[in-house]
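Let me begin by presenting the structure, written as structure tokens, before commenting on it.
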Amino acid sequence: MSNTVWINALAELQQQGEPCVLVTIIEERGSTPRNAGSKMVVSRERLYDTIGGGHLEYKAQAIAREMLENRVRETRLERFSLGASLGQCCGGTTVLLFEPMGQPQAHIAVFGAGHVGRALVPLLASLPCKVRWIDSRDNEFPEQIPAGVEKVVNDEVVDEVDNMPAGSYFIVMTHNHQLDLELTAAILERNDFTYYGLIGSQSKRAKFEHRLRDRGFKPETVQRMRCPMGIAEVKGKLPVEIAVSIAGEVIATYNASFGEKSADGEKPVPMLVPASRRSQAG
């Protein structure tokens with residue numbers, strides 16, 4: 001049955017973290033190629049199911065791909081007259097609903113499967129984020145990894161920094177200060193992230209700043225590091241309290257920077273903390 005094609009496509013794309021647009025005929029008047037309720041799914045690469053073919057489907061596909069390209073989150077209604085302009089002779093009118101699905105707002109790498117990591121990752125997994133959870137120690141991960149989270153076990157943890165796309169979020173909370181420092185250096189070397197948070201105190205930050213400057217990093221690059229990270233108003237030392245604080249800062253950051261582009265149109269504008277706190281930091 002055709003009905004299952006779009007449902008299966010949505011499930012499969014969601015599992016892969018692949019954004020798509022669900023296109024539905026919500027109204028048809030006169031003679032149209034498919035009935036109201038017909039659906040198709042448009043991903044960046046493929047088309048699943050059909051709303052009747054022809055120029056209407058081609059036009060709908062173009063609109064959906066443009067929405068994906070611009071990372072549009074809002075639904076959209078479009079009315080089409082199926083006359084000569086669409087190259088269709090039925091002469092009816094069709095209204096299409098375009099619903100963006102599964103658009104991740106943030107690609108997040110979490111380094112460290114310790115207590116705070118185990119409290120944080122389920123929170124991030126419940127957000128519109130694509131999470132890679134990375135550690136060299138397989139036995140540190142819980143048995144159940146939250147749905148949608150990719151578990152990565154790699155002895156060369158630092159190599160994973162290069163496997164993230166531009167504009168990613170990096171959260172570092174490993175069991176080893178030296179590893180934290182090497183990860184920090186690799187992330188700041190890229191300097192194309194939207195957010196970088198390092199777990200630790202002000203004194204840890206001061207030590208890291210000193211070592212990073214010795215390695216030739218510019219002060220303005222080092223300044224982009226959030227350490228201590230998280231929302232300062234959320235107090236508490238329990239792993240879940242720290243995790244909520246960090247997750248809150250991630251949400252505030254992607255809400256502030258979602259869909260914004262730099263002058264070259266390629267990378268997201270890096271916005272590290274919500275506007276209210278950026279102004280205080282000045």
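A note on labels: chains of the structure tokens are A, B, ... as shown, every chain counts residues from 1, and ligands are counted from 1 in their shown order.
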
| task | Quick one: everything within 6 Å of range 192-197 of chain A, counting only C-alpha atoms, minus sequence neighbours fewer than 6 positions away in the same chain. Send it as a list in words. | result |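 Close residues of range 192-197 of chain A: Ala166, Gly167, Ser168, Tyr169, Phe170, Ile171, Met225, Arg226, Met229, Pro270 and Leu272 of chain A.
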
| request: May I have all residues of range 13-261 of chain A that DSSP, computed from the backbone, assigns to strand (DSSP E or B), given as a PyMOL selection string? | output: chain A and resi 20-29+39-43+47-49+76-81+93-101+106-111+129-135+149-153+169-172+195-198+225-226

| request: List every residue of range 157-222 of chain A that DSSP, applied to the backbone of this structure, assigns to helix (DSSP H, G or I), and report them as a PyMOL selection string. | output: chain A and resi 157-163+177-190+202-214+219-222

| message | Give me, as a count of residues only, all polymer residues having an atom no more than 9 Å from Ala147 in chain A, counting only C-alpha atoms and skipping those fewer than 3 positions away in the same chain. | response | 6

| Pick from A:Lys218, A:Arg71, A:Arg190, A:Arg79: nearest to Lys59 in chain A, with only C-alpha atoms counted? | A:Arg79

| said: Rounded to one decimal, what separation in Å do you get between CA of Pro146 in chain A and CA of Met67 in chain A? | reply: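 CA of Met67 in chain A lies 28.7 Å from CA of Pro146 in chain A.
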
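The closest residue to Glu28 in chain A, picked from A:Glu233, A:Ile242, A:Thr94, A:Ala11 and counting only C-alpha atoms, is A:Thr94.
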
What are the closest atom pairs, with distances in Å to one decimal, for each residue of range 46-112 of chain A lying within 12 Å of range 19-26 of chain A, using only C-alpha atoms, rows by chain and rising residue number, as JSON lines?
```
{"residue": "A:Arg46", "atom": "CA", "partner": "A:Cys20", "partner_atom": "CA", "distance": 9.5}
{"residue": "A:Leu47", "atom": "CA", "partner": "A:Cys20", "partner_atom": "CA", "distance": 9.6}
{"residue": "A:Tyr48", "atom": "CA", "partner": "A:Leu22", "partner_atom": "CA", "distance": 9.6}
{"residue": "A:Asp49", "atom": "CA", "partner": "A:Val23", "partner_atom": "CA", "distance": 10.1}
{"residue": "A:Thr50", "atom": "CA", "partner": "A:Val23", "partner_atom": "CA", "distance": 9.3}
{"residue": "A:Ile51", "atom": "CA", "partner": "A:Ile25", "partner_atom": "CA", "distance": 7.2}
{"residue": "A:Gly52", "atom": "CA", "partner": "A:Ile25", "partner_atom": "CA", "distance": 10.0}
{"residue": "A:Leu56", "atom": "CA", "partner": "A:Ile25", "partner_atom": "CA", "distance": 11.0}
{"residue": "A:Glu57", "atom": "CA", "partner": "A:Val23", "partner_atom": "CA", "distance": 9.6}
{"residue": "A:Tyr58", "atom": "CA", "partner": "A:Val23", "partner_atom": "CA", "distance": 11.9}
{"residue": "A:Lys59", "atom": "CA", "partner": "A:Val23", "partner_atom": "CA", "distance": 11.4}
{"residue": "A:Ala60", "atom": "CA", "partner": "A:Val23", "partner_atom": "CA", "distance": 7.6}
{"residue": "A:Gln61", "atom": "CA", "partner": "A:Val23", "partner_atom": "CA", "distance": 8.6}
{"residue": "A:Ala62", "atom": "CA", "partner": "A:Val21", "partner_atom": "CA", "distance": 11.0}
{"residue": "A:Ile63", "atom": "CA", "partner": "A:Val21", "partner_atom": "CA", "distance": 9.5}
{"residue": "A:Ala64", "atom": "CA", "partner": "A:Val21", "partner_atom": "CA", "distance": 5.9}
{"residue": "A:Arg65", "atom": "CA", "partner": "A:Val21", "partner_atom": "CA", "distance": 8.0}
{"residue": "A:Glu66", "atom": "CA", "partner": "A:Val21", "partner_atom": "CA", "distance": 10.2}
{"residue": "A:Met67", "atom": "CA", "partner": "A:Val21", "partner_atom": "CA", "distance": 7.9}
{"residue": "A:Leu68", "atom": "CA", "partner": "A:Cys20", "partner_atom": "CA", "distance": 6.8}
{"residue": "A:Glu69", "atom": "CA", "partner": "A:Pro19", "partner_atom": "CA", "distance": 10.1}
{"residue": "A:Asn70", "atom": "CA", "partner": "A:Pro19", "partner_atom": "CA", "distance": 11.6}
{"residue": "A:Arg71", "atom": "CA", "partner": "A:Pro19", "partner_atom": "CA", "distance": 8.9}
{"residue": "A:Val72", "atom": "CA", "partner": "A:Val21", "partner_atom": "CA", "distance": 9.8}
{"residue": "A:Arg73", "atom": "CA", "partner": "A:Val21", "partner_atom": "CA", "distance": 9.9}
{"residue": "A:Glu74", "atom": "CA", "partner": "A:Val21", "partner_atom": "CA", "distance": 10.8}
{"residue": "A:Thr75", "atom": "CA", "partner": "A:Val21", "partner_atom": "CA", "distance": 9.3}
{"residue": "A:Arg76", "atom": "CA", "partner": "A:Val23", "partner_atom": "CA", "distance": 9.6}
{"residue": "A:Leu77", "atom": "CA", "partner": "A:Ile26", "partner_atom": "CA", "distance": 9.2}
{"residue": "A:Glu78", "atom": "CA", "partner": "A:Ile25", "partner_atom": "CA", "distance": 9.8}
{"residue": "A:Arg79", "atom": "CA", "partner": "A:Ile25", "partner_atom": "CA", "distance": 9.9}
{"residue": "A:Phe80", "atom": "CA", "partner": "A:Ile25", "partner_atom": "CA", "distance": 10.6}
{"residue": "A:Thr93", "atom": "CA", "partner": "A:Ile25", "partner_atom": "CA", "distance": 10.5}
{"residue": "A:Thr94", "atom": "CA", "partner": "A:Ile25", "partner_atom": "CA", "distance": 6.8}
{"residue": "A:Val95", "atom": "CA", "partner": "A:Ile26", "partner_atom": "CA", "distance": 5.8}
{"residue": "A:Leu96", "atom": "CA", "partner": "A:Ile25", "partner_atom": "CA", "distance": 4.7}
{"residue": "A:Leu97", "atom": "CA", "partner": "A:Thr24", "partner_atom": "CA", "distance": 5.1}
{"residue": "A:Phe98", "atom": "CA", "partner": "A:Val23", "partner_atom": "CA", "distance": 4.7}
{"residue": "A:Glu99", "atom": "CA", "partner": "A:Leu22", "partner_atom": "CA", "distance": 5.1}
{"residue": "A:Pro100", "atom": "CA", "partner": "A:Val21", "partner_atom": "CA", "distance": 4.4}
{"residue": "A:Met101", "atom": "CA", "partner": "A:Cys20", "partner_atom": "CA", "distance": 5.3}
{"residue": "A:Gly102", "atom": "CA", "partner": "A:Pro19", "partner_atom": "CA", "distance": 4.7}
{"residue": "A:Gln103", "atom": "CA", "partner": "A:Pro19", "partner_atom": "CA", "distance": 4.6}
{"residue": "A:Pro104", "atom": "CA", "partner": "A:Pro19", "partner_atom": "CA", "distance": 7.2}
{"residue": "A:Gln105", "atom": "CA", "partner": "A:Pro19", "partner_atom": "CA", "distance": 10.3}
```

Could you dump the residues just selected with N, CA and C atoms as a tab-separated table (two decimals), in the first residue's frame?
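Wrote result_26.tsv, looks like this:
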```tsv
chain	number	residue	atom	x	y	z
A	46	ARG	N	16.21	12.41	-1.94
A	46	ARG	CA	15.21	11.51	-2.49
A	46	ARG	C	13.79	12.01	-2.31
A	47	LEU	N	12.89	11.33	-3.02
A	47	LEU	CA	11.45	11.60	-2.96
A	47	LEU	C	10.77	10.28	-2.61
A	48	TYR	N	9.87	10.30	-1.64
A	48	TYR	CA	9.17	9.08	-1.24
A	48	TYR	C	7.67	9.29	-1.43
A	49	ASP	N	6.99	8.35	-2.08
A	49	ASP	CA	5.57	8.42	-2.36
A	49	ASP	C	5.29	9.52	-3.39
A	50	THR	N	4.02	9.87	-3.58
A	50	THR	CA	3.68	10.81	-4.66
A	50	THR	C	2.42	11.58	-4.32
A	51	ILE	N	2.32	12.78	-4.81
A	51	ILE	CA	1.06	13.53	-4.72
A	51	ILE	C	0.45	13.69	-6.13
A	52	GLY	N	0.86	12.81	-7.03
A	52	GLY	CA	0.21	12.79	-8.34
A	52	GLY	C	1.13	13.02	-9.52
A	56	LEU	N	3.05	19.79	-10.75
A	56	LEU	CA	2.70	20.12	-9.36
A	56	LEU	C	3.69	19.46	-8.40
A	57	GLU	N	3.94	18.18	-8.62
A	57	GLU	CA	4.87	17.46	-7.75
A	57	GLU	C	6.28	18.03	-7.87
A	58	TYR	N	6.67	18.37	-9.08
A	58	TYR	CA	8.00	18.97	-9.32
A	58	TYR	C	8.12	20.29	-8.56
A	59	LYS	N	7.06	21.10	-8.64
A	59	LYS	CA	7.05	22.41	-7.96
A	59	LYS	C	7.10	22.22	-6.44
A	60	ALA	N	6.32	21.27	-5.94
A	60	ALA	CA	6.28	20.99	-4.50
A	60	ALA	C	7.65	20.52	-4.01
A	61	GLN	N	8.27	19.68	-4.82
A	61	GLN	CA	9.61	19.17	-4.48
A	61	GLN	C	10.61	20.32	-4.39
A	62	ALA	N	10.53	21.26	-5.33
A	62	ALA	CA	11.45	22.42	-5.34
A	62	ALA	C	11.25	23.28	-4.09
A	63	ILE	N	9.99	23.49	-3.69
A	63	ILE	CA	9.70	24.29	-2.49
A	63	ILE	C	10.25	23.58	-1.25
A	64	ALA	N	10.01	22.26	-1.18
A	64	ALA	CA	10.48	21.48	-0.02
A	64	ALA	C	12.00	21.52	0.09
A	65	ARG	N	12.69	21.39	-1.04
A	65	ARG	CA	14.16	21.39	-1.00
A	65	ARG	C	14.69	22.77	-0.60
A	66	GLU	N	14.00	23.81	-1.05
A	66	GLU	CA	14.40	25.18	-0.66
A	66	GLU	C	14.23	25.34	0.86
A	67	MET	N	13.15	24.79	1.41
A	67	MET	CA	12.93	24.85	2.86
A	67	MET	C	14.03	24.11	3.60
A	68	LEU	N	14.43	22.95	3.07
A	68	LEU	CA	15.52	22.19	3.70
A	68	LEU	C	16.82	22.96	3.66
A	69	GLU	N	17.08	23.57	2.51
A	69	GLU	CA	18.32	24.34	2.32
A	69	GLU	C	18.40	25.49	3.32
A	70	ASN	N	17.25	26.13	3.57
A	70	ASN	CA	17.23	27.29	4.47
A	70	ASN	C	16.90	26.92	5.91
A	71	ARG	N	16.80	25.60	6.17
A	71	ARG	CA	16.53	25.09	7.51
A	71	ARG	C	15.29	25.74	8.12
A	72	VAL	N	14.25	25.82	7.32
A	72	VAL	CA	12.99	26.43	7.76
A	72	VAL	C	12.32	25.50	8.77
A	73	ARG	N	11.81	26.07	9.86
A	73	ARG	CA	11.12	25.26	10.86
A	73	ARG	C	9.61	25.39	10.79
A	74	GLU	N	9.12	26.51	10.23
A	74	GLU	CA	7.68	26.77	10.21
A	74	GLU	C	7.00	25.99	9.08
A	75	THR	N	5.74	25.57	9.34
A	75	THR	CA	4.96	24.94	8.27
A	75	THR	C	4.56	26.02	7.25
A	76	ARG	N	4.17	25.56	6.08
A	76	ARG	CA	3.87	26.51	5.00
A	76	ARG	C	2.70	25.96	4.18
A	77	LEU	N	1.79	26.84	3.79
A	77	LEU	CA	0.66	26.48	2.93
A	77	LEU	C	0.85	27.12	1.57
A	78	GLU	N	0.62	26.37	0.52
A	78	GLU	CA	0.71	26.92	-0.84
A	78	GLU	C	-0.50	26.45	-1.64
A	79	ARG	N	-1.11	27.40	-2.37
A	79	ARG	CA	-2.26	27.07	-3.22
A	79	ARG	C	-1.81	27.04	-4.69
A	80	PHE	N	-2.20	26.02	-5.40
A	80	PHE	CA	-1.83	25.87	-6.81
A	80	PHE	C	-3.08	25.72	-7.67
A	93	THR	N	-7.97	23.02	-8.31
A	93	THR	CA	-7.11	23.79	-7.40
A	93	THR	C	-6.66	22.86	-6.28
A	94	THR	N	-5.41	22.96	-5.91
A	94	THR	CA	-4.87	22.13	-4.83
A	94	THR	C	-4.16	23.01	-3.81
A	95	VAL	N	-4.39	22.73	-2.52
A	95	VAL	CA	-3.65	23.41	-1.45
A	95	VAL	C	-2.73	22.37	-0.81
A	96	LEU	N	-1.45	22.70	-0.73
A	96	LEU	CA	-0.45	21.80	-0.15
A	96	LEU	C	0.05	22.35	1.18
A	97	LEU	N	0.22	21.45	2.13
A	97	LEU	CA	0.83	21.78	3.41
A	97	LEU	C	2.24	21.20	3.43
A	98	PHE	N	3.21	22.06	3.76
A	98	PHE	CA	4.62	21.64	3.86
A	98	PHE	C	5.03	21.65	5.33
A	99	GLU	N	5.41	20.49	5.86
A	99	GLU	CA	5.80	20.38	7.27
A	99	GLU	C	7.24	19.92	7.40
A	100	PRO	N	8.14	20.78	7.87
A	100	PRO	CA	9.53	20.36	8.09
A	100	PRO	C	9.60	19.34	9.22
A	101	MET	N	10.37	18.29	9.02
A	101	MET	CA	10.49	17.22	10.01
A	101	MET	C	11.97	16.95	10.31
A	102	GLY	N	12.25	16.70	11.60
A	102	GLY	CA	13.56	16.17	11.98
A	102	GLY	C	14.75	17.05	11.65
A	103	GLN	N	14.53	18.37	11.63
A	103	GLN	CA	15.66	19.25	11.33
A	103	GLN	C	16.48	19.43	12.60
A	104	PRO	N	17.66	18.80	12.71
A	104	PRO	CA	18.43	18.99	13.95
A	104	PRO	C	18.92	20.42	14.05
A	105	GLN	N	18.74	21.01	15.23
A	105	GLN	CA	19.21	22.39	15.41
A	105	GLN	C	20.68	22.42	15.78
```

| remark: Restricting to only C-alpha atoms, whichever of A:Ile145, A:Val5, A:Lys204, A:Leu124 is closest to Ala247 in chain A is A:Leu124

| task | Do a neighbour search on Ile231 in chain A at 9 Å with only C-alpha atoms, toss out local chain neighbours closer than 6 positions, and write the hits as a list in words. | result | Ile242, Val244, Ser245, Ile246, Ala247, Gly248 and Glu249 of chain A

Pull C-alpha atoms from the residues just selected and write them as a PDB file, in the first residue's frame.
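Generated file (result-v5.pdb):
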```pdb
ATOM      1  CA  ILE A 242      25.156  20.297  36.303  1.00  0.00           C
ATOM      2  CA  VAL A 244      20.464  20.675  33.359  1.00  0.00           C
ATOM      3  CA  SER A 245      22.607  23.809  33.557  1.00  0.00           C
ATOM      4  CA  ILE A 246      24.660  22.752  30.501  1.00  0.00           C
ATOM      5  CA  ALA A 247      21.585  21.652  28.525  1.00  0.00           C
ATOM      6  CA  GLY A 248      19.964  25.017  29.282  1.00  0.00           C
ATOM      7  CA  GLU A 249      22.939  26.859  27.825  1.00  0.00           C
TER       8      GLU A 249
END
```

| query | Residues at most 7 Å from Ile199 in chain A, counting only C-alpha atoms, excluding those fewer than 5 positions away in the same chain, as a list in words? | reply |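 So, after excluding close chain neighbours, the residues are Val172, Met173, Cys227, Pro228 and Met229 of chain A.
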
Save the residues we just selected, N, CA and C atoms, as a JSON list (two decimals), in the first residue's frame?
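Saved to result-v8.json:
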```
[["chain", "number", "residue", "atom", "x", "y", "z"],
["A", 172, "VAL", "N", 33.17, 19.05, 26.51],
["A", 172, "VAL", "CA", 34.29, 18.21, 26.95],
["A", 172, "VAL", "C", 34.22, 18.02, 28.46],
["A", 173, "MET", "N", 34.14, 16.74, 28.86],
["A", 173, "MET", "CA", 34.09, 16.40, 30.29],
["A", 173, "MET", "C", 34.69, 15.01, 30.50],
["A", 227, "CYS", "N", 34.05, 28.03, 30.09],
["A", 227, "CYS", "CA", 34.53, 27.26, 31.24],
["A", 227, "CYS", "C", 34.62, 28.22, 32.43],
["A", 228, "PRO", "N", 33.90, 28.02, 33.48],
["A", 228, "PRO", "CA", 32.90, 26.98, 33.70],
["A", 228, "PRO", "C", 31.74, 27.13, 32.70],
["A", 229, "MET", "N", 31.18, 25.99, 32.30],
["A", 229, "MET", "CA", 30.06, 26.07, 31.35],
["A", 229, "MET", "C", 28.74, 25.89, 32.09]]
```

| said: Please compute the CA of Glu156 in chain A-CA of Arg132 in chain A distance, one decimal, in Å. | reply: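 Here the two named atoms are 15.0 Å from each other.
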